[in-house]
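Before any comments, here is the structure.
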Amino acid sequence: MDDYRAIADELAADIAAGRLHPGDRLLPLRRFARNRRIAASTAARVYQELSRRGLTVGEVGRGTFVRDAAPADEPALAEPGGARVDLEMNFPVLPHHPALLAKSLEHLARPDALAAALHPVGAAGTAAARRAAAAHLARAGWAPDPGRLLFAGNGRQAVAAAIAALVPAGERLGVEALTYPVVKGIAARLGVTLVPLAMDEHGPVPGALRAAAPLRAVYLQPALHNPLGITMPDHRRAELVALLRELDIHAIEDAIYGFLRPDLPPLAALAPERTVLVDSLSKRLAPGLSLGFLAVPAGATQDIGTALRSGTWAAARFALDAGTRWMADGTAAAVEEEKRADAAARQRLVAERLAGFRVRADPHAYHCWWELPEPWRADTFVAAAARRGIAVTPAGAFTVGSGHAPGAVRLALASPPADALAGALDVLAGLARGAPEDSAPE
């Protein structure tokens, strides 16, 4: 049997020597197998090995291409990038918000308040924190039960605790076929197998959830999905809730961006006994002000609390007391209201600057999904944008499983000033209207 690694080494040498150039399309799999006189399964392993080494990238309906740029040393979306205009990370902090937040923290400088904040606290936080969080997370007629609220250090840790509690190592977690990249890393560390669920314009397809069974749980983003920016309509939510009950599984509802749509009740309002809702202050206030929330079903409180403690994911007392103050005195609500207006204004910039392109987004979201025009591919476009000082995220960062990523990018709109965002969108639009070879380095 042919050693697929040896064949991959040959192609890797061709790429290193420049005999295969960035952007070159490799032969279709079956044709490659015929030319090499190897089995199709061996050819598939060759292509998988090249992709694993970061030398190629595959895109739906287009094929496999030599990668335009070397893969990043760190996972996508792991840390802030150094690009001049960052459309990769969402850090929504308006200029006057630090002063507003600082004023609200003056009470923590008192010795008695600080003494309390320096003590440890359990996953259930304090009674004051539970009351403040329950009132603050409430929307569209729904509010969590304060007695079933738990606190994590941030939203990522809240997601990790929910997965750890609901999905044992070696078991299966359903996720949307395009999903928040951090979930992929969490699942890998916990030994959980991710099962991608096919999606349409309304979110995950109910038939895909049924076909994926057996699952221990499913991770969903019903409002302002990251990266697609879509929001599930009522009929799709109802269909999914019925399936959760029929299949006897829980949903982990990521509501991190839900504050941008206070008019929509969460999935937890429809199936409180089946839904673990996860939220945090990082997008609501600022990334450096981390506090995660979990609104859990009655039967899951102990298991998720244990996961928070064993994973050392519970909130620190100082962050808990600060967050409680911001929620209780109205500071958090004021900041969030301004962010809703800011996100809508940035979406209007996208609609103006990228008119005529296939851009998808909820008009209230802080991000959008751009299906690139032919003949652009995601990695080629990302590399070309980077040469112009603009960081964007390719679809492959969000893709679950071994399937090809679509020819699309996500634009995070929150970080740069509005004028810098407008300028960057103009540059990207001009880039997309041209040909990839026009943007290639000299």
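Chain labels A, B, ... are given in the sequence in which chains occur in the structure tokens; within each chain residues are numbered consecutively from 1, and ligands are likewise numbered from 1 in the order shown.
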Can you tell me, as JSON, numbers by chain, what residues are no more than 9 Å from A:Leu166 when counting only C-alpha atoms, ignoring any on the same chain fewer than 3 positions away? {"A": [161, 162, 163, 216, 217, 250, 300, 303, 304]}
Please, could you write that set of residues out with N, CA and C atoms as a JSON list (two decimals), in the first residue's frame?
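What landed in again07.json:
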```json
[["chain", "number", "residue", "atom", "x", "y", "z"],
["A", 161, "ALA", "N", -17.98, 24.83, 31.31],
["A", 161, "ALA", "CA", -18.61, 24.15, 32.43],
["A", 161, "ALA", "C", -19.90, 23.45, 32.01],
["A", 162, "ALA", "N", -20.68, 24.10, 31.15],
["A", 162, "ALA", "CA", -21.93, 23.49, 30.69],
["A", 162, "ALA", "C", -21.63, 22.23, 29.88],
["A", 163, "ILE", "N", -20.64, 22.29, 28.98],
["A", 163, "ILE", "CA", -20.29, 21.11, 28.18],
["A", 163, "ILE", "C", -19.76, 20.00, 29.08],
["A", 216, "ARG", "N", -25.64, 13.90, 23.39],
["A", 216, "ARG", "CA", -25.87, 14.18, 24.81],
["A", 216, "ARG", "C", -26.40, 15.59, 25.02],
["A", 217, "ALA", "N", -26.07, 16.50, 24.11],
["A", 217, "ALA", "CA", -26.54, 17.88, 24.20],
["A", 217, "ALA", "C", -26.29, 18.54, 22.85],
["A", 250, "HIS", "N", -30.38, 18.19, 26.27],
["A", 250, "HIS", "CA", -30.33, 19.58, 26.69],
["A", 250, "HIS", "C", -29.72, 20.45, 25.60],
["A", 300, "ALA", "N", -29.99, 20.39, 36.91],
["A", 300, "ALA", "CA", -28.59, 20.47, 36.48],
["A", 300, "ALA", "C", -27.74, 21.36, 37.36],
["A", 303, "ASP", "N", -24.66, 19.50, 39.09],
["A", 303, "ASP", "CA", -23.62, 19.03, 38.16],
["A", 303, "ASP", "C", -22.83, 20.19, 37.57],
["A", 304, "ILE", "N", -23.51, 21.26, 37.19],
["A", 304, "ILE", "CA", -22.79, 22.38, 36.59],
["A", 304, "ILE", "C", -21.99, 23.13, 37.65]]
```
Run DSSP on the backbone and grab whatever in stretch 36-160 of chain A lands in strand (DSSP E); send it over as a ChimeraX atom specification. /A:56-59,63-66,85-86,149-152
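The environment of A:Lys339 within 9 Å, counting only C-alpha atoms and disregarding residues fewer than 5 places along the same chain, consists of Pro92, Val93, Leu94, Leu260, Arg284, Leu285, Ala334 and Ala344 of chain A.
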Wanna dump the stretch 384-406 of chain A-stretch 414-426 of chain A contacts at 10 Å for me, each residue with its shortest atom pair and the distance in Å to one decimal, counting only C-alpha atoms, ordered by chain and number, as a Markdown table?
```
| residue | atom | partner | partner_atom | distance |
| --- | --- | --- | --- | --- |
| A:Ala385 | CA | A:Ala424 | CA | 9.3 |
| A:Arg388 | CA | A:Ala424 | CA | 9.1 |
| A:Gly389 | CA | A:Ala424 | CA | 8.9 |
| A:Ile390 | CA | A:Ala424 | CA | 6.9 |
| A:Ala391 | CA | A:Ala424 | CA | 9.7 |
```
Give me the residues within 7 Å of A:Val175 as a PDB file with all heavy atoms, in the first residue's frame, counting only C-alpha atoms and dropping any in the same chain fewer than 6 places off.
```
ATOM      1  N   LEU A 194     -17.549  16.639  18.454  1.00  0.00           N
ATOM      2  CA  LEU A 194     -18.503  17.583  17.888  1.00  0.00           C
ATOM      3  C   LEU A 194     -19.154  16.983  16.656  1.00  0.00           C
ATOM      4  O   LEU A 194     -18.480  16.435  15.779  1.00  0.00           O
ATOM      5  CB  LEU A 194     -17.818  18.903  17.520  1.00  0.00           C
ATOM      6  CG  LEU A 194     -17.242  19.719  18.676  1.00  0.00           C
ATOM      7  CD1 LEU A 194     -16.684  21.048  18.152  1.00  0.00           C
ATOM      8  CD2 LEU A 194     -18.301  19.980  19.748  1.00  0.00           C
ATOM      9  N   VAL A 195     -20.463  17.124  16.557  1.00  0.00           N
ATOM     10  CA  VAL A 195     -21.224  16.627  15.416  1.00  0.00           C
ATOM     11  C   VAL A 195     -21.841  17.830  14.711  1.00  0.00           C
ATOM     12  O   VAL A 195     -22.731  18.493  15.265  1.00  0.00           O
ATOM     13  CB  VAL A 195     -22.334  15.655  15.863  1.00  0.00           C
ATOM     14  CG1 VAL A 195     -23.115  15.136  14.655  1.00  0.00           C
ATOM     15  CG2 VAL A 195     -21.737  14.506  16.660  1.00  0.00           C
ATOM     16  N   PRO A 196     -21.366  18.188  13.495  1.00  0.00           N
ATOM     17  CA  PRO A 196     -21.904  19.371  12.822  1.00  0.00           C
ATOM     18  C   PRO A 196     -23.327  19.155  12.341  1.00  0.00           C
ATOM     19  O   PRO A 196     -23.669  18.104  11.800  1.00  0.00           O
ATOM     20  CB  PRO A 196     -20.939  19.562  11.644  1.00  0.00           C
ATOM     21  CG  PRO A 196     -20.349  18.216  11.396  1.00  0.00           C
ATOM     22  CD  PRO A 196     -20.293  17.537  12.733  1.00  0.00           C
ATOM     23  N   LEU A 197     -24.175  20.168  12.544  1.00  0.00           N
ATOM     24  CA  LEU A 197     -25.566  20.142  12.118  1.00  0.00           C
ATOM     25  C   LEU A 197     -25.746  21.067  10.924  1.00  0.00           C
ATOM     26  O   LEU A 197     -25.375  22.245  10.987  1.00  0.00           O
ATOM     27  CB  LEU A 197     -26.483  20.590  13.258  1.00  0.00           C
ATOM     28  CG  LEU A 197     -26.333  19.834  14.588  1.00  0.00           C
ATOM     29  CD1 LEU A 197     -27.209  20.470  15.652  1.00  0.00           C
ATOM     30  CD2 LEU A 197     -26.662  18.357  14.409  1.00  0.00           C
ATOM     31  N   VAL A 218     -26.768  19.773  22.719  1.00  0.00           N
ATOM     32  CA  VAL A 218     -26.536  20.548  21.506  1.00  0.00           C
ATOM     33  C   VAL A 218     -26.212  21.979  21.910  1.00  0.00           C
ATOM     34  O   VAL A 218     -26.815  22.527  22.838  1.00  0.00           O
ATOM     35  CB  VAL A 218     -27.762  20.487  20.565  1.00  0.00           C
ATOM     36  CG1 VAL A 218     -29.007  21.046  21.236  1.00  0.00           C
ATOM     37  CG2 VAL A 218     -27.491  21.216  19.252  1.00  0.00           C
ATOM     38  N   TYR A 219     -25.204  22.554  21.257  1.00  0.00           N
ATOM     39  CA  TYR A 219     -24.795  23.941  21.511  1.00  0.00           C
ATOM     40  C   TYR A 219     -25.368  24.807  20.395  1.00  0.00           C
ATOM     41  O   TYR A 219     -25.118  24.557  19.202  1.00  0.00           O
ATOM     42  CB  TYR A 219     -23.272  24.037  21.543  1.00  0.00           C
ATOM     43  CG  TYR A 219     -22.716  25.447  21.507  1.00  0.00           C
ATOM     44  CD1 TYR A 219     -22.571  26.190  22.672  1.00  0.00           C
ATOM     45  CD2 TYR A 219     -22.341  26.037  20.304  1.00  0.00           C
ATOM     46  CE1 TYR A 219     -22.059  27.483  22.641  1.00  0.00           C
ATOM     47  CE2 TYR A 219     -21.831  27.322  20.260  1.00  0.00           C
ATOM     48  CZ  TYR A 219     -21.695  28.043  21.434  1.00  0.00           C
ATOM     49  OH  TYR A 219     -21.183  29.324  21.385  1.00  0.00           O
ATOM     50  N   LEU A 220     -26.140  25.840  20.763  1.00  0.00           N
ATOM     51  CA  LEU A 220     -26.855  26.659  19.783  1.00  0.00           C
ATOM     52  C   LEU A 220     -26.658  28.139  20.071  1.00  0.00           C
ATOM     53  O   LEU A 220     -26.457  28.547  21.221  1.00  0.00           O
ATOM     54  CB  LEU A 220     -28.361  26.348  19.823  1.00  0.00           C
ATOM     55  CG  LEU A 220     -28.793  24.909  19.536  1.00  0.00           C
ATOM     56  CD1 LEU A 220     -30.276  24.747  19.823  1.00  0.00           C
ATOM     57  CD2 LEU A 220     -28.474  24.534  18.095  1.00  0.00           C
TER      58      LEU A 220
END
```
Of A:Ala124, A:Ala177, A:Leu294, A:Val205, the one nearest to A:Leu243 when counting only C-alpha atoms is A:Val205
Test item, alpha helix (DSSP H) assignment across stretch 98-271 of chain A, answer as a PDB file with C-alpha atoms, in the first residue's frame:
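So the final result, stored in part15.pdb, reads:
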```pdb
ATOM      1  CA  PRO A  98     -14.323  53.560  30.988  1.00  0.00           C
ATOM      2  CA  ALA A  99     -15.110  56.766  32.873  1.00  0.00           C
ATOM      3  CA  LEU A 100     -18.732  55.708  33.296  1.00  0.00           C
ATOM      4  CA  LEU A 101     -17.720  52.300  34.632  1.00  0.00           C
ATOM      5  CA  ALA A 102     -15.043  53.767  36.926  1.00  0.00           C
ATOM      6  CA  LYS A 103     -17.524  56.065  38.637  1.00  0.00           C
ATOM      7  CA  SER A 104     -19.678  53.112  39.542  1.00  0.00           C
ATOM      8  CA  PRO A 111     -12.121  49.251  53.211  1.00  0.00           C
ATOM      9  CA  ASP A 112     -15.277  47.383  54.252  1.00  0.00           C
ATOM     10  CA  ALA A 113     -16.403  46.786  50.640  1.00  0.00           C
ATOM     11  CA  LEU A 114     -12.910  45.818  49.535  1.00  0.00           C
ATOM     12  CA  ALA A 115     -12.504  43.431  52.463  1.00  0.00           C
ATOM     13  CA  ALA A 116     -15.606  41.544  51.364  1.00  0.00           C
ATOM     14  CA  ALA A 117     -14.482  41.521  47.717  1.00  0.00           C
ATOM     15  CA  ALA A 127     -27.687  36.578  46.987  1.00  0.00           C
ATOM     16  CA  ALA A 128     -27.202  40.189  45.850  1.00  0.00           C
ATOM     17  CA  ALA A 129     -25.407  39.027  42.698  1.00  0.00           C
ATOM     18  CA  ARG A 130     -28.150  36.532  41.861  1.00  0.00           C
ATOM     19  CA  ARG A 131     -30.876  39.158  42.271  1.00  0.00           C
ATOM     20  CA  ALA A 132     -29.011  41.733  40.181  1.00  0.00           C
ATOM     21  CA  ALA A 133     -28.136  39.255  37.446  1.00  0.00           C
ATOM     22  CA  ALA A 134     -31.662  37.849  37.224  1.00  0.00           C
ATOM     23  CA  ALA A 135     -33.093  41.343  36.763  1.00  0.00           C
ATOM     24  CA  HIS A 136     -30.398  42.372  34.303  1.00  0.00           C
ATOM     25  CA  LEU A 137     -30.551  39.273  32.079  1.00  0.00           C
ATOM     26  CA  GLY A 155     -18.453  33.391  29.022  1.00  0.00           C
ATOM     27  CA  ARG A 156     -15.945  30.874  27.668  1.00  0.00           C
ATOM     28  CA  GLN A 157     -15.609  29.267  31.077  1.00  0.00           C
ATOM     29  CA  ALA A 158     -19.393  29.161  31.392  1.00  0.00           C
ATOM     30  CA  VAL A 159     -19.615  27.313  28.063  1.00  0.00           C
ATOM     31  CA  ALA A 160     -16.854  24.914  29.153  1.00  0.00           C
ATOM     32  CA  ALA A 161     -18.615  24.148  32.433  1.00  0.00           C
ATOM     33  CA  ALA A 162     -21.925  23.487  30.688  1.00  0.00           C
ATOM     34  CA  ILE A 163     -20.289  21.112  28.184  1.00  0.00           C
ATOM     35  CA  ALA A 164     -18.287  19.348  30.904  1.00  0.00           C
ATOM     36  CA  ALA A 165     -21.423  18.796  32.988  1.00  0.00           C
ATOM     37  CA  LEU A 166     -23.723  17.647  30.189  1.00  0.00           C
ATOM     38  CA  PRO A 181     -14.387  28.642  17.213  1.00  0.00           C
ATOM     39  CA  VAL A 182     -13.635  28.486  20.931  1.00  0.00           C
ATOM     40  CA  VAL A 183     -16.189  25.676  21.287  1.00  0.00           C
ATOM     41  CA  LYS A 184     -13.988  23.505  19.064  1.00  0.00           C
ATOM     42  CA  GLY A 185     -11.035  23.982  21.394  1.00  0.00           C
ATOM     43  CA  ILE A 186     -13.120  23.368  24.528  1.00  0.00           C
ATOM     44  CA  ALA A 187     -14.516  20.130  23.090  1.00  0.00           C
ATOM     45  CA  ALA A 188     -11.057  18.904  22.126  1.00  0.00           C
ATOM     46  CA  ARG A 189      -9.702  19.500  25.638  1.00  0.00           C
ATOM     47  CA  LEU A 190     -12.689  17.764  27.233  1.00  0.00           C
ATOM     48  CA  PRO A 206     -34.378  20.223  12.621  1.00  0.00           C
ATOM     49  CA  GLY A 207     -33.968  17.126  10.441  1.00  0.00           C
ATOM     50  CA  ALA A 208     -30.206  17.363  10.898  1.00  0.00           C
ATOM     51  CA  LEU A 209     -30.613  17.305  14.663  1.00  0.00           C
ATOM     52  CA  ARG A 210     -32.770  14.190  14.455  1.00  0.00           C
ATOM     53  CA  ALA A 211     -30.338  12.481  12.061  1.00  0.00           C
ATOM     54  CA  ALA A 212     -27.362  13.246  14.320  1.00  0.00           C
ATOM     55  CA  ASP A 234     -40.122  31.714  16.147  1.00  0.00           C
ATOM     56  CA  HIS A 235     -41.154  28.667  14.123  1.00  0.00           C
ATOM     57  CA  ARG A 236     -37.617  27.283  14.043  1.00  0.00           C
ATOM     58  CA  ARG A 237     -37.210  27.772  17.796  1.00  0.00           C
ATOM     59  CA  ALA A 238     -40.456  25.894  18.391  1.00  0.00           C
ATOM     60  CA  GLU A 239     -39.339  23.030  16.141  1.00  0.00           C
ATOM     61  CA  LEU A 240     -36.023  22.705  17.953  1.00  0.00           C
ATOM     62  CA  VAL A 241     -37.643  22.809  21.393  1.00  0.00           C
ATOM     63  CA  ALA A 242     -39.991  19.988  20.383  1.00  0.00           C
ATOM     64  CA  LEU A 243     -36.989  17.941  19.253  1.00  0.00           C
ATOM     65  CA  LEU A 244     -35.074  18.586  22.483  1.00  0.00           C
ATOM     66  CA  ARG A 245     -37.960  17.077  24.389  1.00  0.00           C
ATOM     67  CA  GLU A 246     -38.465  14.204  21.959  1.00  0.00           C
ATOM     68  CA  LEU A 247     -34.778  13.262  21.909  1.00  0.00           C
ATOM     69  CA  LEU A 267     -34.736  29.636  23.877  1.00  0.00           C
ATOM     70  CA  ALA A 268     -34.703  29.160  27.649  1.00  0.00           C
ATOM     71  CA  ALA A 269     -38.093  30.884  27.810  1.00  0.00           C
ATOM     72  CA  LEU A 270     -39.608  28.107  25.682  1.00  0.00           C
TER      73      LEU A 270
END
```
